[in-house]
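Asker: Input structure: input-v7.cif, which contains mmCIF, C-alpha atoms.
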data_work
loop_
_atom_site.label_atom_id
_atom_site.label_comp_id
_atom_site.auth_asym_id
_atom_site.auth_seq_id
_atom_site.Cartn_x
_atom_site.Cartn_y
_atom_site.Cartn_z
CA MET U 1 -10.69 -18.67 -52.08
CA GLN U 2 -10.13 -15.58 -50.01
CA ILE U 3 -12.07 -12.37 -50.75
CA ASP U 4 -10.33 -9.00 -50.49
CA TRP U 5 -13.18 -7.27 -48.61
CA ALA U 6 -11.07 -4.16 -47.90
CA ASN U 7 -10.96 -3.29 -51.61
CA PHE U 8 -14.31 -4.75 -52.64
CA ALA U 9 -16.40 -1.88 -54.05
CA PRO U 10 -19.38 -3.30 -55.95
CA TRP U 11 -21.45 -0.09 -56.04
CA SER U 12 -18.86 2.21 -57.61
CA ALA U 13 -17.92 -0.64 -59.97
CA ALA U 14 -21.53 -1.12 -61.07
CA LEU U 15 -22.08 2.65 -61.38
CA GLY U 16 -18.97 2.99 -63.53
CA GLY U 17 -20.13 -0.02 -65.53
CA VAL U 18 -23.51 1.61 -66.20
CA ALA U 19 -21.71 4.75 -67.47
CA ILE U 20 -19.56 2.57 -69.75
CA GLY U 21 -22.65 0.72 -71.01
CA LEU U 22 -24.46 4.05 -71.63
CA ALA U 23 -21.46 5.36 -73.57
CA ALA U 24 -21.29 2.17 -75.67
CA GLY U 25 -25.05 2.38 -76.24
CA LEU U 26 -24.88 6.03 -77.32
CA MET U 27 -21.98 5.19 -79.64
CA ILE U 28 -23.94 2.55 -81.53
CA LEU U 29 -27.25 4.46 -81.53
CA LEU U 30 -25.90 7.93 -82.41
CA LEU U 31 -22.86 7.08 -84.56
CA GLY U 32 -23.53 3.48 -85.55
CA ARG U 33 -20.10 2.51 -84.27
CA ILE U 34 -18.78 -0.06 -81.80
CA ALA U 35 -17.13 1.58 -78.77
CA GLY U 36 -14.14 -0.73 -78.92
CA VAL U 37 -11.14 1.30 -77.83
CA SER U 38 -8.44 -0.81 -79.52
CA GLY U 39 -10.34 -0.71 -82.83
CA ILE U 40 -10.98 3.02 -82.60
CA VAL U 41 -7.29 3.71 -81.88
CA ALA U 42 -6.01 1.29 -84.53
CA GLY U 43 -8.24 3.01 -87.10
CA LEU U 44 -5.87 5.99 -86.82
CA LEU U 45 -2.85 3.92 -87.88
CA PRO U 46 -2.73 5.61 -90.34
CA PRO U 47 -5.66 8.09 -90.17
CA ALA U 48 -8.07 7.89 -93.12
CA ARG U 49 -9.66 11.00 -94.59
CA GLY U 50 -13.22 11.48 -93.30
CA ASP U 51 -12.86 8.70 -90.70
CA ALA U 52 -10.41 10.24 -88.24
CA ALA U 53 -12.28 13.11 -86.51
CA TRP U 54 -14.72 10.98 -84.48
CA ARG U 55 -11.89 8.66 -83.42
CA VAL U 56 -9.69 11.54 -82.24
CA ALA U 57 -12.67 13.20 -80.50
CA PHE U 58 -13.50 9.98 -78.63
CA ILE U 59 -9.89 9.55 -77.51
CA LEU U 60 -9.70 13.18 -76.37
CA GLY U 61 -12.92 12.61 -74.41
CA LEU U 62 -11.32 9.63 -72.66
CA VAL U 63 -8.29 11.68 -71.59
CA ALA U 64 -10.49 14.66 -70.64
CA SER U 65 -12.51 12.50 -68.23
CA ALA U 66 -9.57 11.81 -65.92
CA ALA U 67 -8.20 15.34 -66.43
CA LEU U 68 -11.51 16.79 -65.19
CA LEU U 69 -11.62 14.43 -62.21
CA ARG U 70 -8.06 15.46 -61.37
CA LEU U 71 -9.01 19.15 -61.49
CA ALA U 72 -11.94 18.37 -59.20
CA GLY U 73 -9.58 16.56 -56.85
CA ALA U 74 -11.66 13.40 -57.22
CA ALA U 75 -9.22 11.15 -59.06
CA THR U 76 -7.26 8.23 -57.64
CA THR U 77 -3.83 8.18 -59.27
CA PRO U 78 -2.96 4.89 -60.98
CA VAL U 79 0.31 3.31 -59.86
CA PHE U 80 2.34 1.19 -62.27
CA ASP U 81 4.43 -1.07 -60.08
CA ILE U 82 6.26 -2.93 -62.86
CA GLY U 83 9.54 -1.89 -64.49
CA TYR U 84 9.84 -0.12 -67.83
CA GLY U 85 10.88 -3.33 -69.60
CA ALA U 86 7.74 -5.12 -68.42
CA THR U 87 5.67 -2.05 -69.32
CA ILE U 88 6.92 -2.19 -72.91
CA VAL U 89 6.27 -5.93 -73.15
CA ALA U 90 2.77 -5.48 -71.68
CA GLY U 91 1.94 -2.66 -74.10
CA LEU U 92 3.18 -4.62 -77.11
CA LEU U 93 1.15 -7.70 -76.10
CA VAL U 94 -1.99 -5.65 -75.44
CA GLY U 95 -1.78 -3.83 -78.79
CA PHE U 96 -0.82 -6.86 -80.87
CA GLY U 97 -3.25 -9.26 -79.18
CA ALA U 98 -6.21 -6.89 -79.25
CA ARG U 99 -5.84 -6.36 -83.00
CA LEU U 100 -5.21 -10.01 -83.84
CA GLY U 101 -8.23 -11.01 -81.76
CA GLY U 102 -10.37 -8.22 -83.24
CA GLY U 103 -11.07 -6.43 -79.96
CA CYS U 104 -10.31 -5.86 -76.30
CA THR U 105 -12.22 -5.53 -73.05
CA SER U 106 -14.53 -2.86 -74.51
CA GLY U 107 -15.14 -4.24 -78.01
CA HIS U 108 -15.54 -7.90 -77.06
CA GLY U 109 -16.19 -7.65 -73.32
CA VAL U 110 -18.79 -4.87 -73.32
CA CYS U 111 -20.16 -4.39 -76.84
CA GLY U 112 -19.78 -8.00 -78.01
CA LEU U 113 -21.39 -9.55 -74.95
CA SER U 114 -24.18 -6.93 -75.19
CA ARG U 115 -24.81 -8.12 -78.75
CA LEU U 116 -24.90 -11.72 -77.44
CA SER U 117 -22.05 -12.57 -79.81
CA LEU U 118 -20.60 -16.04 -79.27
CA ARG U 119 -17.36 -14.83 -80.88
CA ALA U 120 -17.05 -12.10 -78.24
CA LEU U 121 -17.85 -14.57 -75.46
CA VAL U 122 -15.03 -16.86 -76.64
CA ALA U 123 -12.60 -13.91 -76.82
CA THR U 124 -13.64 -12.64 -73.37
CA GLY U 125 -13.20 -16.13 -71.90
CA ALA U 126 -9.76 -16.39 -73.52
CA PHE U 127 -8.41 -13.05 -72.27
CA MET U 128 -9.88 -13.50 -68.78
CA THR U 129 -8.25 -16.92 -68.56
CA SER U 130 -4.84 -15.75 -69.78
CA GLY U 131 -5.08 -12.64 -67.56
CA VAL U 132 -5.76 -14.77 -64.47
CA LEU U 133 -2.97 -17.20 -65.38
CA THR U 134 -0.53 -14.31 -65.97
CA VAL U 135 -1.25 -12.78 -62.57
CA PHE U 136 -0.93 -16.25 -61.01
CA ALA U 137 2.44 -16.70 -62.74
CA LEU U 138 3.57 -13.27 -61.46
CA ARG U 139 2.54 -14.27 -57.95
CA CYS U 140 4.64 -17.44 -58.24
CA LEU U 141 7.64 -15.75 -59.90
CA VAL U 142 7.91 -12.38 -58.14
CA GLY U 143 5.66 -12.95 -55.15
CA ARG U 144 2.99 -10.37 -56.06
CA PRO U 145 0.61 -9.71 -58.95
CA MET T 1 -16.96 20.25 -86.44
CA THR T 2 -19.80 17.85 -87.13
CA LYS T 3 -22.46 16.64 -84.71
CA SER T 4 -20.87 13.17 -84.83
CA THR T 5 -17.50 14.54 -83.74
CA ILE T 6 -19.01 16.42 -80.80
CA ALA T 7 -21.03 13.35 -79.83
CA ALA T 8 -17.91 11.16 -80.02
CA PHE T 9 -16.12 13.50 -77.62
CA ALA T 10 -19.03 13.43 -75.14
CA ILE T 11 -19.24 9.63 -75.43
CA GLY T 12 -15.51 9.35 -74.79
CA LEU T 13 -15.92 11.58 -71.75
CA LEU T 14 -18.74 9.43 -70.34
CA PHE T 15 -16.87 6.21 -71.15
CA GLY T 16 -13.75 7.57 -69.43
CA LEU T 17 -15.69 8.69 -66.34
CA GLY T 18 -17.10 5.18 -66.14
CA LEU T 19 -13.60 3.70 -66.33
CA CYS T 20 -12.41 6.07 -63.58
CA VAL T 21 -15.36 5.57 -61.22
CA SER T 22 -15.30 1.80 -61.64
CA GLY T 23 -11.61 1.48 -60.82
CA MET T 24 -10.71 0.01 -64.22
CA ILE T 25 -8.00 2.69 -64.66
CA LEU T 26 -6.08 1.39 -61.64
CA PRO T 27 -3.62 -1.45 -62.36
CA SER T 28 -3.86 -2.55 -58.70
CA LYS T 29 -7.64 -2.95 -59.02
CA VAL T 30 -7.39 -4.93 -62.27
CA LYS T 31 -4.69 -7.19 -60.85
CA GLY T 32 -6.74 -7.66 -57.67
CA PHE T 33 -9.59 -8.87 -59.88
CA LEU T 34 -7.39 -11.27 -61.85
CA ASP T 35 -5.61 -12.50 -58.70
CA VAL T 36 -7.97 -15.36 -57.84
CA ALA T 37 -5.22 -17.20 -55.92
CA GLY T 38 -4.47 -14.21 -53.67
CA PRO T 39 -6.88 -11.92 -51.83
CA TRP T 40 -9.45 -11.74 -54.64
CA ASP T 41 -11.30 -8.48 -55.34
CA PRO T 42 -14.38 -9.37 -57.44
CA SER T 43 -15.42 -5.69 -57.93
CA LEU T 44 -14.68 -5.54 -61.64
CA ALA T 45 -17.22 -8.26 -62.38
CA PHE T 46 -19.79 -5.61 -61.41
CA VAL T 47 -18.37 -3.25 -64.03
CA MET T 48 -19.08 -5.77 -66.73
CA GLY T 49 -22.49 -6.53 -65.21
CA GLY T 50 -23.49 -2.86 -65.22
CA ALA T 51 -22.10 -2.19 -68.69
CA VAL T 52 -23.62 -5.25 -70.35
CA GLY T 53 -26.93 -4.69 -68.55
CA VAL T 54 -27.30 -1.30 -70.26
CA GLY T 55 -25.61 -2.46 -73.46
CA LEU T 56 -28.08 -5.30 -74.00
CA ILE T 57 -30.93 -2.78 -74.32
CA ALA T 58 -28.99 -0.36 -76.55
CA PHE T 59 -27.82 -3.05 -78.98
CA ARG T 60 -31.30 -4.58 -79.14
CA VAL T 61 -32.62 -1.18 -80.29
CA ALA T 62 -29.67 -0.70 -82.66
CA ARG T 63 -30.14 -4.07 -84.36
CA GLY T 64 -33.42 -3.00 -85.93
CA ARG T 65 -32.01 0.16 -87.48
CA SER T 66 -30.13 0.62 -90.75
CA ARG T 67 -28.94 4.13 -89.90
CA ALA T 68 -27.67 5.64 -86.68
CA LEU T 69 -29.54 8.63 -85.20
CA LEU T 70 -26.97 11.14 -86.46
CA GLY T 71 -27.34 9.80 -89.99
CA ASP T 72 -24.28 7.59 -90.32
CA GLU T 73 -24.47 4.01 -91.49
CA MET T 74 -25.11 1.46 -88.72
CA ARG T 75 -21.92 -0.60 -88.58
CA LEU T 76 -22.63 -3.68 -86.51
CA PRO T 77 -19.88 -6.33 -86.79
CA LYS T 78 -20.65 -9.06 -89.31
CA GLU T 79 -17.76 -11.31 -88.40
CA ARG T 80 -18.95 -14.45 -86.60
CA ARG T 81 -16.01 -16.80 -87.07
CA ILE T 82 -14.46 -18.40 -84.03
CA ASP T 83 -10.97 -19.12 -85.31
CA ALA T 84 -7.34 -19.28 -84.26
CA PRO T 85 -6.57 -15.53 -84.64
CA LEU T 86 -9.51 -14.72 -82.35
CA VAL T 87 -8.44 -17.10 -79.58
CA VAL T 88 -4.67 -16.57 -79.94
CA GLY T 89 -5.10 -12.77 -80.16
CA ALA T 90 -7.38 -12.60 -77.12
CA THR T 91 -4.99 -14.85 -75.17
CA ILE T 92 -1.99 -12.64 -76.02
CA PHE T 93 -4.03 -9.58 -75.10
CA GLY T 94 -4.91 -11.13 -71.73
CA ILE T 95 -1.25 -11.80 -70.93
CA GLY T 96 -0.42 -8.13 -71.52
CA TRP T 97 -3.49 -7.07 -69.54
CA GLY T 98 -2.46 -9.22 -66.56
CA LEU T 99 1.15 -8.07 -66.73
CA GLY T 100 0.45 -4.33 -67.04
CA GLY T 101 -2.92 -4.14 -65.29
CA VAL T 102 -4.44 -1.90 -67.95
CA CYS T 103 -6.32 -2.52 -71.19
CA PRO T 104 -6.46 0.04 -74.06
CA GLY T 105 -9.25 2.31 -72.73
CA PRO T 106 -7.82 2.75 -69.22
CA ALA T 107 -4.30 3.17 -70.65
CA ILE T 108 -5.48 6.16 -72.70
CA VAL T 109 -7.46 7.61 -69.79
CA ASP T 110 -4.35 7.24 -67.59
CA LEU T 111 -2.42 9.56 -69.95
CA ALA T 112 -4.15 12.40 -68.06
CA PHE T 113 -1.97 11.62 -65.03
CA LEU T 114 1.15 12.58 -67.03
CA ASP T 115 3.09 9.56 -65.79
CA PRO T 116 5.90 8.78 -68.29
CA GLN T 117 5.35 5.06 -67.72
CA VAL T 118 1.79 5.37 -69.09
CA VAL T 119 3.14 7.14 -72.16
CA VAL T 120 5.60 4.29 -72.67
CA PHE T 121 2.78 1.73 -72.31
CA VAL T 122 0.60 3.54 -74.86
CA LEU T 123 3.47 3.92 -77.34
CA ALA T 124 4.27 0.20 -76.98
CA MET T 125 0.57 -0.59 -77.49
CA LEU T 126 0.51 1.48 -80.70
CA ALA T 127 3.66 -0.33 -81.83
CA GLY T 128 1.98 -3.68 -81.10
CA MET T 129 -1.01 -2.64 -83.20
CA ALA T 130 1.24 -1.55 -86.06
CA LEU T 131 3.19 -4.82 -85.82
CA GLU T 132 -0.04 -6.81 -86.04
CA LYS T 133 -1.07 -4.83 -89.10
CA GLY T 134 2.28 -5.53 -90.70
CA ALA T 135 2.08 -9.22 -89.83
CA ARG T 136 -1.55 -9.62 -90.88
CA GLY T 137 -0.88 -10.54 -94.48
CA PHE T 138 1.60 -13.11 -93.24
CA ILE T 139 -0.38 -14.88 -90.50
CA GLY T 140 -3.97 -13.86 -91.35
CA GLY T 141 -5.77 -11.52 -88.95
CA ALA T 142 -9.15 -12.06 -87.31
CA ARG T 143 -10.79 -9.42 -89.43
#
Show me the file's structure as structure tokens.
Answerer:
Amino acid sequence: MQIDWANFAPWSAALGGVAIGLAAGLMILLLGRIAGVSGIVAGLLPPARGDAAWRVAFILGLVASAALLRLAGAATTPVFDIGYGATIVAGLLVGFGARLGGGCTSGHGVCGLSRLSLRALVATGAFMTSGVLTVFALRCLVGRP
Amino acid sequence: MTKSTIAAFAIGLLFGLGLCVSGMILPSKVKGFLDVAGPWDPSLAFVMGGAVGVGLIAFRVARGRSRALLGDEMRLPKERRIDAPLVVGATIFGIGWGLGGVCPGPAIVDLAFLDPQVVVFVLAMLAGMALEKGARGFIGGAR
């Protein structure tokens, strides 16, 4: 195995992780809700009376974070280097899979593991495995991840 | 606007800042983490380490409470089943994650960059969620 030292950034990763963990902790302690993004978004399809405002506010907060960093000139712009067809397939799989499996990286990977849930551990193991295999397949098929 | 709504916005802001600072919003970073056969970038393991480290404490406190601090009901998941929808769903999700390089949170954060491709990803993700909802009665969802 070869480590990509040029891009290895453990400190900013851990700092960002702590912020994510704090946000998930505040969500459960203040609102009594799991900060699982796919679940929060799916709860608006369709929006239910009395249960939509906090979901919309959370989503707006997510978008505002990068908007603020952009204004401050501190944001790195994400680059999507796949075609539109692959983008649509990826989005469909992410949305469908996250709902069928009852959560995504945040719901299972952060909140579930923090609750020491075996169910979340199994889900996290499954999506990490298929994610690694998918990138490996891309490397074999198109020569890059 | 209720206290819960304002808190949810602030929590989303903090969550999003964490996703930005950690590099989770960058498809190249996510793919570098999943690319164990290429030049592997293990950074994102530290995101999970940091998040779960703090989360463990918060959820331990939350478990003993019946109400959240702002007065709402404490809604901790009750589902414990490890079944086919869980494993199949998570596996499908991982394929999309590896292909696109973003999961739902980062995809929404990335909308702030006004890249039409992100909008297409998010719309496809919403369509995938709606499809799952439509198919749920047919195949049986995890929840």
Asker: I need the residue nearest U:Val37 from this list: T:Cys103, T:Ala51, T:Ala130, T:Ala68. Use all atoms listed in the file for the distance.
Answerer: T:Cys103
Asker: Output as a short mmCIF file (atom, residue, chain, number, x, y, z; two decimals) with C-alpha atoms, in the frame of the given file the set of chain U residues within 6 Å of chain T, with distances taken over only C-alpha atoms.
Answerer:
data_model
loop_
_atom_site.label_atom_id
_atom_site.label_comp_id
_atom_site.auth_asym_id
_atom_site.auth_seq_id
_atom_site.Cartn_x
_atom_site.Cartn_y
_atom_site.Cartn_z
CA GLN U 2 -10.13 -15.58 -50.01
CA ILE U 3 -12.07 -12.37 -50.75
CA ASP U 4 -10.33 -9.00 -50.49
CA PHE U 8 -14.31 -4.75 -52.64
CA ALA U 9 -16.40 -1.88 -54.05
CA PRO U 10 -19.38 -3.30 -55.95
CA SER U 12 -18.86 2.21 -57.61
CA ALA U 13 -17.92 -0.64 -59.97
CA ALA U 14 -21.53 -1.12 -61.07
CA GLY U 16 -18.97 2.99 -63.53
CA GLY U 17 -20.13 -0.02 -65.53
CA VAL U 18 -23.51 1.61 -66.20
CA ALA U 19 -21.71 4.75 -67.47
CA ILE U 20 -19.56 2.57 -69.75
CA GLY U 21 -22.65 0.72 -71.01
CA ALA U 23 -21.46 5.36 -73.57
CA GLY U 25 -25.05 2.38 -76.24
CA LEU U 29 -27.25 4.46 -81.53
CA LEU U 30 -25.90 7.93 -82.41
CA LEU U 31 -22.86 7.08 -84.56
CA GLY U 32 -23.53 3.48 -85.55
CA ARG U 33 -20.10 2.51 -84.27
CA VAL U 37 -11.14 1.30 -77.83
CA SER U 38 -8.44 -0.81 -79.52
CA TRP U 54 -14.72 10.98 -84.48
CA ALA U 57 -12.67 13.20 -80.50
CA PHE U 58 -13.50 9.98 -78.63
CA GLY U 61 -12.92 12.61 -74.41
CA LEU U 62 -11.32 9.63 -72.66
CA VAL U 63 -8.29 11.68 -71.59
CA SER U 65 -12.51 12.50 -68.23
CA ALA U 66 -9.57 11.81 -65.92
CA ALA U 67 -8.20 15.34 -66.43
CA PRO U 78 -2.96 4.89 -60.98
CA THR U 87 5.67 -2.05 -69.32
CA ILE U 88 6.92 -2.19 -72.91
CA ALA U 90 2.77 -5.48 -71.68
CA GLY U 91 1.94 -2.66 -74.10
CA LEU U 92 3.18 -4.62 -77.11
CA LEU U 93 1.15 -7.70 -76.10
CA VAL U 94 -1.99 -5.65 -75.44
CA GLY U 95 -1.78 -3.83 -78.79
CA PHE U 96 -0.82 -6.86 -80.87
CA GLY U 97 -3.25 -9.26 -79.18
CA ALA U 98 -6.21 -6.89 -79.25
CA LEU U 100 -5.21 -10.01 -83.84
CA GLY U 101 -8.23 -11.01 -81.76
CA GLY U 102 -10.37 -8.22 -83.24
CA VAL U 110 -18.79 -4.87 -73.32
CA SER U 114 -24.18 -6.93 -75.19
CA ARG U 115 -24.81 -8.12 -78.75
CA ARG U 119 -17.36 -14.83 -80.88
CA ALA U 123 -12.60 -13.91 -76.82
CA ALA U 126 -9.76 -16.39 -73.52
CA PHE U 127 -8.41 -13.05 -72.27
CA SER U 130 -4.84 -15.75 -69.78
CA GLY U 131 -5.08 -12.64 -67.56
CA VAL U 132 -5.76 -14.77 -64.47
CA THR U 134 -0.53 -14.31 -65.97
CA VAL U 135 -1.25 -12.78 -62.57
#
Asker: Can you list, as a list of chain:residue names, the residues that the PyMOL selection byres ((chain U and resi 35) around 8) selects here?
Answerer: U:Ala23, U:Ala24, U:Met27, U:Ile28, U:Arg33, U:Ile34, U:Gly36, U:Val37, U:Ile40, U:Ser106, U:Gly107, U:Cys111
Asker: What is the atom CA of U:Leu113-atom CA of U:Leu45 distance in Å, reported with one decimal?
Answerer: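 These atoms are spaced 26.3 Å apart.
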Asker: So how far away is atom CA of U:Cys104 from atom CA of U:Ala72, in Å?
Answerer: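 According to the coordinates, atom CA of U:Ala72 and atom CA of U:Cys104 are separated by 29.7 Å.
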Asker: Build an axis-aligned box that encloses every atom of stretch 113-125 of chain T listed in the file, pad it by 3 Å on each side, and report its centre and edge lengths in Å to one decimal, as JSON.
Answerer:
{"center_x": 2.0, "center_y": 6.0, "center_z": -71.3, "size_x": 13.9, "size_y": 19.2, "size_z": 18.5}
Asker: For a test of reading the model, state the distance in Å between atom CA of U:Ala48 and atom CA of U:Arg99, rounded to one decimal.
Answerer: 17.6 Å
Asker: Please list as a list in words every residue within 8 Å of U:Ala52, counting all atoms listed in the file and excluding residues in the same chain fewer than 5 positions away.
Answerer: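 The neighbour list is Gly43, Leu44 and Pro47 of chain U.
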